[in-house]
Structure formats: C-alpha cells, structure tokens
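S.K.: Quick one, structure.txt (compact mmCIF, C-alpha atoms):
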```
# COMPACT_ATOMS: atom_id res chain seq x y z
CA MET A 1 -14.02 17.90 2.00
CA ALA A 2 -10.43 19.02 2.62
CA ARG A 3 -8.27 19.45 -0.45
CA ARG A 4 -5.56 16.80 -0.58
CA LYS A 5 -1.93 17.61 -1.22
CA LYS A 6 -0.59 16.11 -4.43
CA ILE A 7 2.88 14.63 -4.04
CA TYR A 8 3.52 13.40 -7.56
CA GLU A 9 1.75 12.75 -10.84
CA GLY A 10 3.05 10.15 -13.24
CA LYS A 11 1.82 8.67 -16.50
CA ALA A 12 -0.66 6.28 -14.89
CA LYS A 13 -1.09 7.36 -11.26
CA ILE A 14 -1.31 10.34 -8.93
CA LEU A 15 0.08 10.19 -5.39
CA TYR A 16 -1.47 12.21 -2.56
CA GLU A 17 -0.52 12.62 1.08
CA GLY A 18 -2.23 9.92 3.12
CA PRO A 19 -4.55 10.41 6.09
CA GLU A 20 -1.96 9.09 8.56
CA PRO A 21 1.79 9.78 8.80
CA GLY A 22 3.80 7.44 6.64
CA THR A 23 0.94 6.73 4.22
CA ILE A 24 0.15 7.73 0.65
CA VAL A 25 -3.05 7.59 -1.38
CA GLN A 26 -2.39 6.12 -4.82
CA TYR A 27 -4.93 7.15 -7.47
CA PHE A 28 -5.13 5.17 -10.73
CA LYS A 29 -5.77 7.22 -13.87
CA ASP A 30 -7.37 6.13 -17.13
CA ASP A 31 -4.41 7.46 -19.12
CA ALA A 32 -2.57 4.98 -21.33
CA THR A 33 0.92 5.71 -22.63
CA ALA A 34 3.49 3.80 -24.65
CA PHE A 35 6.92 4.37 -26.19
CA ASN A 36 7.99 6.72 -23.38
CA ALA A 37 4.67 8.63 -23.64
CA GLU A 38 4.99 9.24 -27.41
CA LYS A 39 1.67 7.41 -27.80
CA LYS A 40 -1.14 8.52 -25.47
CA ASP A 41 -4.84 7.94 -24.97
CA VAL A 42 -7.50 7.85 -22.26
CA ILE A 43 -9.09 4.41 -21.83
CA GLU A 44 -12.33 4.51 -19.87
CA GLY A 45 -12.24 2.16 -16.87
CA LYS A 46 -8.52 1.33 -17.12
CA GLY A 47 -7.68 2.95 -13.77
CA VAL A 48 -10.49 1.06 -12.04
CA LEU A 49 -9.29 -2.25 -13.42
CA ASN A 50 -5.64 -1.62 -12.55
CA ASN A 51 -6.55 -0.54 -9.02
CA ARG A 52 -8.47 -3.76 -8.42
CA LEU A 53 -5.92 -6.01 -10.12
CA SER A 54 -2.99 -4.44 -8.28
CA GLU A 55 -4.92 -4.89 -5.02
CA PHE A 56 -5.40 -8.57 -5.88
CA PHE A 57 -1.72 -9.19 -6.61
CA MET A 58 -0.33 -7.13 -3.72
CA THR A 59 -2.71 -8.74 -1.23
CA GLY A 60 -1.68 -12.18 -2.48
CA LEU A 61 2.00 -11.33 -2.13
CA ASN A 62 1.48 -10.08 1.42
CA GLN A 63 -0.32 -13.32 2.27
CA VAL A 64 2.57 -15.49 1.05
CA GLY A 65 5.14 -13.45 2.96
CA VAL A 66 6.42 -11.13 0.23
CA PRO A 67 6.21 -7.64 1.78
CA THR A 68 4.55 -4.86 -0.23
CA HIS A 69 3.55 -1.25 0.35
CA PHE A 70 -0.17 -2.07 -0.03
CA ILE A 71 -2.36 -1.41 3.01
CA ARG A 72 -5.94 -1.42 1.72
CA ARG A 73 -8.16 -0.26 -1.11
CA LEU A 74 -10.07 2.94 -0.39
CA ASN A 75 -12.47 3.02 -3.34
CA MET A 76 -12.69 2.05 -6.99
CA ARG A 77 -9.71 4.17 -8.04
CA GLU A 78 -7.64 4.65 -4.89
CA GLN A 79 -5.64 2.59 -2.47
CA LEU A 80 -3.78 3.40 0.71
CA VAL A 81 -0.12 2.42 0.62
CA ARG A 82 2.86 2.73 2.88
CA SER A 83 5.26 5.55 2.11
CA CYS A 84 8.71 4.29 1.17
CA GLU A 85 11.96 5.44 -0.40
CA ILE A 86 11.90 4.13 -3.96
CA ILE A 87 15.13 2.65 -5.30
CA PRO A 88 15.51 4.38 -8.71
CA LEU A 89 15.35 1.14 -10.68
CA GLU A 90 12.80 -0.76 -12.68
CA VAL A 91 13.30 -4.44 -11.92
CA ILE A 92 12.31 -6.56 -14.92
CA VAL A 93 11.81 -10.33 -14.76
CA ARG A 94 11.62 -12.16 -18.08
CA ASN A 95 10.36 -15.71 -18.60
CA TYR A 96 9.80 -15.48 -22.37
CA ALA A 97 11.46 -13.34 -25.02
CA ALA A 98 9.47 -10.22 -25.87
CA GLY A 99 9.80 -6.47 -26.33
CA SER A 100 13.24 -4.95 -25.98
CA LEU A 101 14.95 -8.26 -25.21
CA SER A 102 13.83 -9.69 -28.56
CA LYS A 103 15.09 -6.56 -30.33
CA ARG A 104 18.41 -6.43 -28.49
CA LEU A 105 19.32 -10.09 -28.75
CA GLY A 106 17.45 -11.19 -31.85
CA VAL A 107 15.49 -13.83 -29.96
CA GLU A 108 12.08 -14.56 -31.49
CA GLU A 109 9.18 -13.28 -29.42
CA GLY A 110 7.55 -16.10 -27.48
CA THR A 111 10.73 -18.13 -27.02
CA GLN A 112 10.89 -19.59 -23.52
CA LEU A 113 14.09 -18.48 -21.81
CA PRO A 114 16.40 -21.10 -20.21
CA ARG A 115 15.64 -19.54 -16.81
CA PRO A 116 14.09 -16.32 -15.53
CA ILE A 117 16.30 -13.36 -16.44
CA VAL A 118 16.33 -10.31 -14.16
CA GLU A 119 17.30 -6.96 -15.67
CA TYR A 120 17.51 -3.44 -14.25
CA CYS A 121 16.65 -0.10 -15.83
CA TYR A 122 17.50 3.29 -14.35
CA LYS A 123 14.26 5.20 -13.75
CA ASP A 124 14.58 8.38 -15.78
CA ASP A 125 11.95 9.23 -18.39
CA ALA A 126 14.18 11.84 -20.01
CA LEU A 127 16.77 9.14 -20.70
CA GLY A 128 14.23 6.51 -21.72
CA ASP A 129 14.83 4.33 -18.62
CA PRO A 130 18.15 2.89 -19.86
CA LEU A 131 19.25 -0.66 -19.12
CA VAL A 132 21.95 -0.75 -16.42
CA THR A 133 24.10 -3.41 -14.78
CA GLU A 134 24.84 -4.09 -11.12
CA GLU A 135 28.20 -2.36 -11.73
CA HIS A 136 26.37 0.87 -12.61
CA ILE A 137 24.06 0.48 -9.60
CA ALA A 138 26.99 0.04 -7.20
CA ALA A 139 29.15 2.75 -8.80
CA PHE A 140 26.42 5.41 -8.62
CA GLY A 141 25.23 4.36 -5.17
CA TRP A 142 21.65 3.62 -6.14
CA ALA A 143 21.68 0.45 -4.03
CA SER A 144 24.17 -1.58 -2.00
CA GLN A 145 25.22 -5.13 -2.81
CA GLN A 146 23.06 -6.36 0.07
CA ASP A 147 20.14 -4.38 -1.34
CA MET A 148 20.64 -5.98 -4.75
CA ASP A 149 20.77 -9.46 -3.25
CA ASP A 150 17.45 -8.72 -1.55
CA VAL A 151 15.99 -7.13 -4.71
CA LEU A 152 16.87 -10.24 -6.73
CA SER A 153 15.30 -12.50 -4.11
CA LEU A 154 12.10 -10.41 -4.00
CA ALA A 155 11.86 -10.30 -7.81
CA LEU A 156 12.14 -14.08 -8.14
CA ARG A 157 9.60 -14.66 -5.36
CA VAL A 158 7.17 -12.30 -7.10
CA ASN A 159 7.77 -14.22 -10.32
CA ASP A 160 7.00 -17.55 -8.65
CA PHE A 161 3.76 -16.15 -7.20
CA LEU A 162 2.56 -14.38 -10.36
CA SER A 163 3.45 -17.24 -12.69
CA GLY A 164 1.64 -19.78 -10.51
CA VAL A 165 -1.49 -17.69 -10.01
CA MET A 166 -1.79 -16.76 -13.67
CA TYR A 167 -1.04 -20.26 -14.96
CA GLY A 168 -3.99 -21.42 -12.88
CA VAL A 169 -6.32 -19.20 -14.94
CA GLY A 170 -4.78 -20.04 -18.31
CA ILE A 171 -2.45 -17.04 -18.63
CA ARG A 172 1.30 -17.07 -19.20
CA VAL A 173 3.44 -14.37 -17.52
CA ALA A 174 5.97 -13.54 -20.24
CA ASP A 175 7.60 -10.76 -18.23
CA PHE A 176 6.85 -8.01 -15.72
CA LYS A 177 8.45 -5.06 -14.02
CA ILE A 178 8.26 -3.97 -10.40
CA GLU A 179 9.68 -1.23 -8.23
CA ILE A 180 11.26 -1.77 -4.84
CA GLY A 181 11.12 0.62 -1.89
CA ARG A 182 13.00 0.98 1.38
CA VAL A 183 11.16 1.28 4.68
CA TYR A 184 12.73 1.85 8.06
CA ASP A 185 11.75 0.45 11.46
CA GLY A 186 14.04 2.45 13.70
CA ASP A 187 17.55 1.78 12.44
CA PHE A 188 16.47 -1.38 10.63
CA GLN A 189 15.89 -1.16 6.87
CA ARG A 190 13.92 -3.61 4.79
CA LEU A 191 12.86 -3.74 1.17
CA ILE A 192 9.27 -4.05 -0.05
CA VAL A 193 7.48 -4.32 -3.40
CA ALA A 194 6.01 -0.90 -4.30
CA ASP A 195 4.24 0.94 -7.15
CA GLU A 196 1.75 -1.46 -8.81
CA ILE A 197 1.39 -4.88 -10.39
CA SER A 198 -1.16 -4.84 -13.19
CA PRO A 199 -1.48 -5.56 -16.92
CA ASP A 200 0.20 -2.17 -17.40
CA SER A 201 3.40 -3.60 -15.92
CA CYS A 202 3.22 -7.24 -17.14
CA ARG A 203 3.11 -9.10 -20.42
CA LEU A 204 0.27 -11.60 -20.14
CA TRP A 205 -0.49 -14.13 -22.87
CA ASP A 206 -3.39 -16.56 -23.10
CA ILE A 207 -1.83 -20.02 -22.90
CA GLU A 208 -4.15 -21.58 -25.49
CA THR A 209 -4.39 -18.84 -28.11
CA GLY A 210 -1.42 -16.56 -27.44
CA ARG A 211 -3.81 -13.58 -27.23
CA LYS A 212 -2.17 -10.61 -25.54
CA LEU A 213 -3.94 -9.44 -22.39
CA ASP A 214 -1.66 -6.54 -21.44
CA LYS A 215 -0.57 -3.08 -22.59
CA ASP A 216 0.84 -4.49 -25.83
CA VAL A 217 -2.80 -4.38 -27.00
CA PHE A 218 -2.50 -0.59 -26.85
CA ARG A 219 1.11 -0.44 -28.06
CA ARG A 220 0.35 -2.51 -31.16
CA ASP A 221 -3.29 -1.52 -31.81
CA LEU A 222 -4.55 -5.05 -31.24
CA GLY A 223 -8.07 -4.15 -30.09
CA SER A 224 -9.73 -2.97 -26.89
CA LEU A 225 -7.44 -2.53 -23.89
CA THR A 226 -10.45 -2.53 -21.57
CA ASP A 227 -11.57 -5.89 -22.99
CA ALA A 228 -8.12 -7.38 -22.41
CA TYR A 229 -7.77 -6.11 -18.83
CA SER A 230 -11.38 -7.09 -18.05
CA GLU A 231 -10.64 -10.63 -19.24
CA VAL A 232 -7.73 -10.88 -16.77
CA ALA A 233 -9.94 -9.53 -13.98
CA ARG A 234 -12.74 -11.97 -14.79
CA ARG A 235 -10.45 -14.99 -14.81
CA LEU A 236 -9.03 -14.01 -11.42
CA GLY A 237 -12.48 -13.53 -9.93
CA VAL A 238 -12.10 -9.78 -9.54
CA MET A 239 -15.04 -9.27 -11.92
CA PRO A 240 -18.16 -11.43 -12.32
CA LYS A 241 -17.94 -13.60 -15.43
CA ASN A 242 -21.16 -12.20 -16.88
CA THR A 243 -20.11 -8.54 -16.60
CA GLN A 244 -20.08 -6.53 -19.84
CA VAL A 245 -16.48 -5.55 -20.53
CA THR A 246 -17.38 -2.21 -22.10
CA LYS A 247 -18.65 -0.86 -18.78
CA PRO A 248 -16.60 -2.54 -16.05
CA THR A 249 -18.51 -3.16 -12.83
CA LEU A 250 -16.22 -4.56 -10.19
CA ILE A 251 -16.87 -6.41 -6.98
CA ASN A 252 -16.59 -4.21 -3.87
```
Step by step, read the file and then write its structure as structure tokens.
M.R.:
Amino acid sequence: MARRKKIYEGKAKILYEGPEPGTIVQYFKDDATAFNAEKKDVIEGKGVLNNRLSEFFMTGLNQVGVPTHFIRRLNMREQLVRSCEIIPLEVIVRNYAAGSLSKRLGVEEGTQLPRPIVEYCYKDDALGDPLVTEEHIAAFGWASQQDMDDVLSLALRVNDFLSGVMYGVGIRVADFKIEIGRVYDGDFQRLIVADEISPDSCRLWDIETGRKLDKDVFRRDLGSLTDAYSEVARRLGVMPKNTQVTKPTLIN
C-alpha cells in the first residue's frame, strides 16, 4: 500500500492528500482536548463516532441544499472530502447561553436567547481563537462583505437543519461551531460548510433531563464521553439501539 502524504494534523483529525485531484482524506482521531489543548486524553472509539455522525449531518445538509465539502465515507475512521480554501474563522451559532457567552455576559447557562446569535472567532490556537467582529474580518481581509453575508446565511441554514433534526430525537442544540471554505468553479467562487459537525463541535442537551451529550462531558468530567456520543448516534439511527456503548459497533 502506497504511503499517503500528510497535509495537516490537528487536535482531532489528520488530513491526507486524496486519491483524486481536489480531494482530501479526513481521518478522525480518538484524541480529546479541551481548554486549548491544556486538557488531553485518548477516548477509545471517539473518532469512529465522530466520523459517522459528521457523515450523517453533512449528508443531510447536502440533501437539503446546503453545500458541504463531504463526498463520501471511506471506512470507519476516514471520509473523502473536497479540498477548499478555509476562511480563518470559527463561525459559532448560539441558541442558548453556555460556555464563553455565559462567562462574558453573565447570562445563566441554559437561558434561551431571544434569537440565534452568530459570533466569529479568529482561528489561531496560539492566540486562543479570539472573538472578532465583522470590522476585524473586513480590516484584515479574511473575508469580503459578500462572503460574510453568505457565511451568515449558511450558518443560519445549518442551525435550522441541526435544530430540527436533533429536536426530533429529543436533543436540544444549545450552540455549535462550523468552518466555511471557498471552492472555485473556473472564475466563480462559492462557499461551503467544511471541517466537521459532531458532538465535538456542538453543545447537545437532552430535552427532558438536561443531560449533556457533547464534549462538555469531557471538559467537566461528567462521565463517559463515549457513552454520550453513542447515545446521540443511537438516537439518530447511526448505531443500533441495542449496541453496547463501551465498544461501539456502527452500521456500515
């Protein structure tokens, strides 16, 4: 088997050159990090679960007309995605107060916000991914005003899709973050949803009990991260309901 060329390794994924021009193989690791990688661990099966859950969400978005970089899943830990130029921003959509918003504004965690709030962070681990405004984005040339209009539209469409799907299985989407990439068809540019959508990048709360089913389980030492992610997968039909969560076995 030919050795693949690694393009990039992050905290949760490794990117390799894809088999065809313009493609990338995205490999999901079992590594878990929090607080800008100050807290680290390896959670068996996490990468498998995130690969399958991200496939589920990206496929659903493609089907409802929200373009993503996802092409197809290759195996239990890898998926083939379209290469794109990532805008250096984390796009955060908040429906309920949690995390940094609660700390910054003194709003009690769990408070429903008057409307979805979209925030932007500059992607730079060394700086701790600082919160930025559209003024910063325009001034430093990270994205044009037209880009930002399109980014906002994509973010809200993703929110509508995720919130509806998860509400149907008894889960509240408190907030989530996505990344947006640029692709070019000749001289024409369009924006697509990239990276991943998984419990690593969302806050997911059980509607009935308030139980956290996302990476806050790891951040706050609330129990088994694999159990939480497996519960999300089971409710969405990605895993059989009778599967043991300690050894995830996913549907091919």
S.K.: Skipping near chain neighbours, those fewer than 3 positions away, what residues fall within 10 Å of segment 127-133 of chain A using all atoms listed in the file, listed as a PyMOL selection string?
M.R.: chain A and resi 35-37+88-90+119-124+136-139
S.K.: Atoms to include: C-alpha atoms. Write the selected residues as an mmCIF file, in the coordinates of the input.
M.R.:
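The result, written out as result32.cif:
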```cif
data_model
loop_
_atom_site.group_PDB
_atom_site.id
_atom_site.type_symbol
_atom_site.label_atom_id
_atom_site.label_comp_id
_atom_site.auth_asym_id
_atom_site.auth_seq_id
_atom_site.Cartn_x
_atom_site.Cartn_y
_atom_site.Cartn_z
ATOM 1 C CA PHE A 35 6.920 4.370 -26.190
ATOM 2 C CA ASN A 36 7.990 6.720 -23.380
ATOM 3 C CA ALA A 37 4.670 8.630 -23.640
ATOM 4 C CA PRO A 88 15.510 4.380 -8.710
ATOM 5 C CA LEU A 89 15.350 1.140 -10.680
ATOM 6 C CA GLU A 90 12.800 -0.760 -12.680
ATOM 7 C CA GLU A 119 17.300 -6.960 -15.670
ATOM 8 C CA TYR A 120 17.510 -3.440 -14.250
ATOM 9 C CA CYS A 121 16.650 -0.100 -15.830
ATOM 10 C CA TYR A 122 17.500 3.290 -14.350
ATOM 11 C CA LYS A 123 14.260 5.200 -13.750
ATOM 12 C CA ASP A 124 14.580 8.380 -15.780
ATOM 13 C CA HIS A 136 26.370 0.870 -12.610
ATOM 14 C CA ILE A 137 24.060 0.480 -9.600
ATOM 15 C CA ALA A 138 26.990 0.040 -7.200
ATOM 16 C CA ALA A 139 29.150 2.750 -8.800
#
```
S.K.: So what do you get for atom CA of Ala194 of chain A versus atom CA of Leu61 of chain A, distance-wise?
M.R.: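 Interatomic distance here is 11.4 Å.
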S.K.: Figure out the distance between atom CA of Arg82 of chain A and atom CA of Gly22 of chain A, please, to one decimal in Å.
M.R.: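 Separation of atom CA of Gly22 of chain A and atom CA of Arg82 of chain A: 6.1 Å.
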S.K.: With a cut-off of 7 Å, could you pull out the residues of segment 29-130 of chain A touching segment 215-236 of chain A and give me the nearest pair of atoms for each, distance in Å to one decimal, using all atoms listed in the file, ordered by chain and ascending number, as a tab-separated table?
M.R.:
```
residue	atom	partner	partner_atom	distance
A:Ala34	CA	A:Arg219	CA	5.9
A:Gly45	CA	A:Thr226	CA	6.9
A:Lys46	CA	A:Thr226	CA	6.2
A:Leu49	CA	A:Tyr229	CA	6.8
A:Leu53	CA	A:Ala233	CA	6.6
```
S.K.: Please determine, counting only C-alpha atoms, which residue among A:Lys103, A:Lys177, A:Arg94, A:Arg72 has the shortest atom-to-atom distance to Glu196 of chain A.
M.R.: A:Lys177
S.K.: Compare A:Glu9, A:Glu17, A:Glu208, A:Asp147 by their minimum atom-to-atom distance to Arg190 of chain A, counting all atoms listed in the file, and give me the closest one.
M.R.: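 Of A:Glu9, A:Glu17, A:Glu208, A:Asp147, the one nearest Arg190 of chain A is A:Asp147, counting all atoms listed in the file.
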S.K.: Find, counting only C-alpha atoms, the residue in A:Leu152, A:Val48, A:Val66, A:Leu80 that gets nearest to Val25 of chain A.
M.R.: A:Leu80
S.K.: Quick one, how far is atom CA of Ile192 of chain A from atom CA of Val118 of chain A?
M.R.: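 Distance between the two atoms: 17.0 Å.
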S.K.: In terms of the shortest atom-to-atom distance over all atoms listed in the file, which of A:Val169, A:Ile87, A:Ile14, A:Met58 is closest to Ser198 of chain A?
M.R.: A:Met58
S.K.: Between A:Leu162, A:Leu101, A:Val193, A:Ile117, which residue has the minimum interatomic distance to Asp150 of chain A, considering all atoms listed in the file?
M.R.: A:Val193
S.K.: Within 12 Å of Ser163 of chain A, counting all atoms listed in the file, which residues qualify if same-chain residues fewer than 5 places away don't, as an MDAnalysis selection string?
M.R.: chainID A and resid 57 93:96 116 155:158 168:176 202:205 207
S.K.: What's around Gln26 of chain A at 9 Å? Count only C-alpha atoms, leave out sequence neighbours fewer than 3 positions away in its own chain, and write the answer as a PyMOL selection string.
M.R.: chain A and resi 13-18+51+77-81+195
S.K.: Go through A:Pro19, A:Gly110, A:Gly181, A:Gly65 one by one, measure the shortest atom-to-atom distance of each to Trp142 of chain A using only C-alpha atoms, and give the residue with the smallest value.
M.R.: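 Once distances to Trp142 of chain A are computed over only C-alpha atoms, the minimum belongs to A:Gly181.
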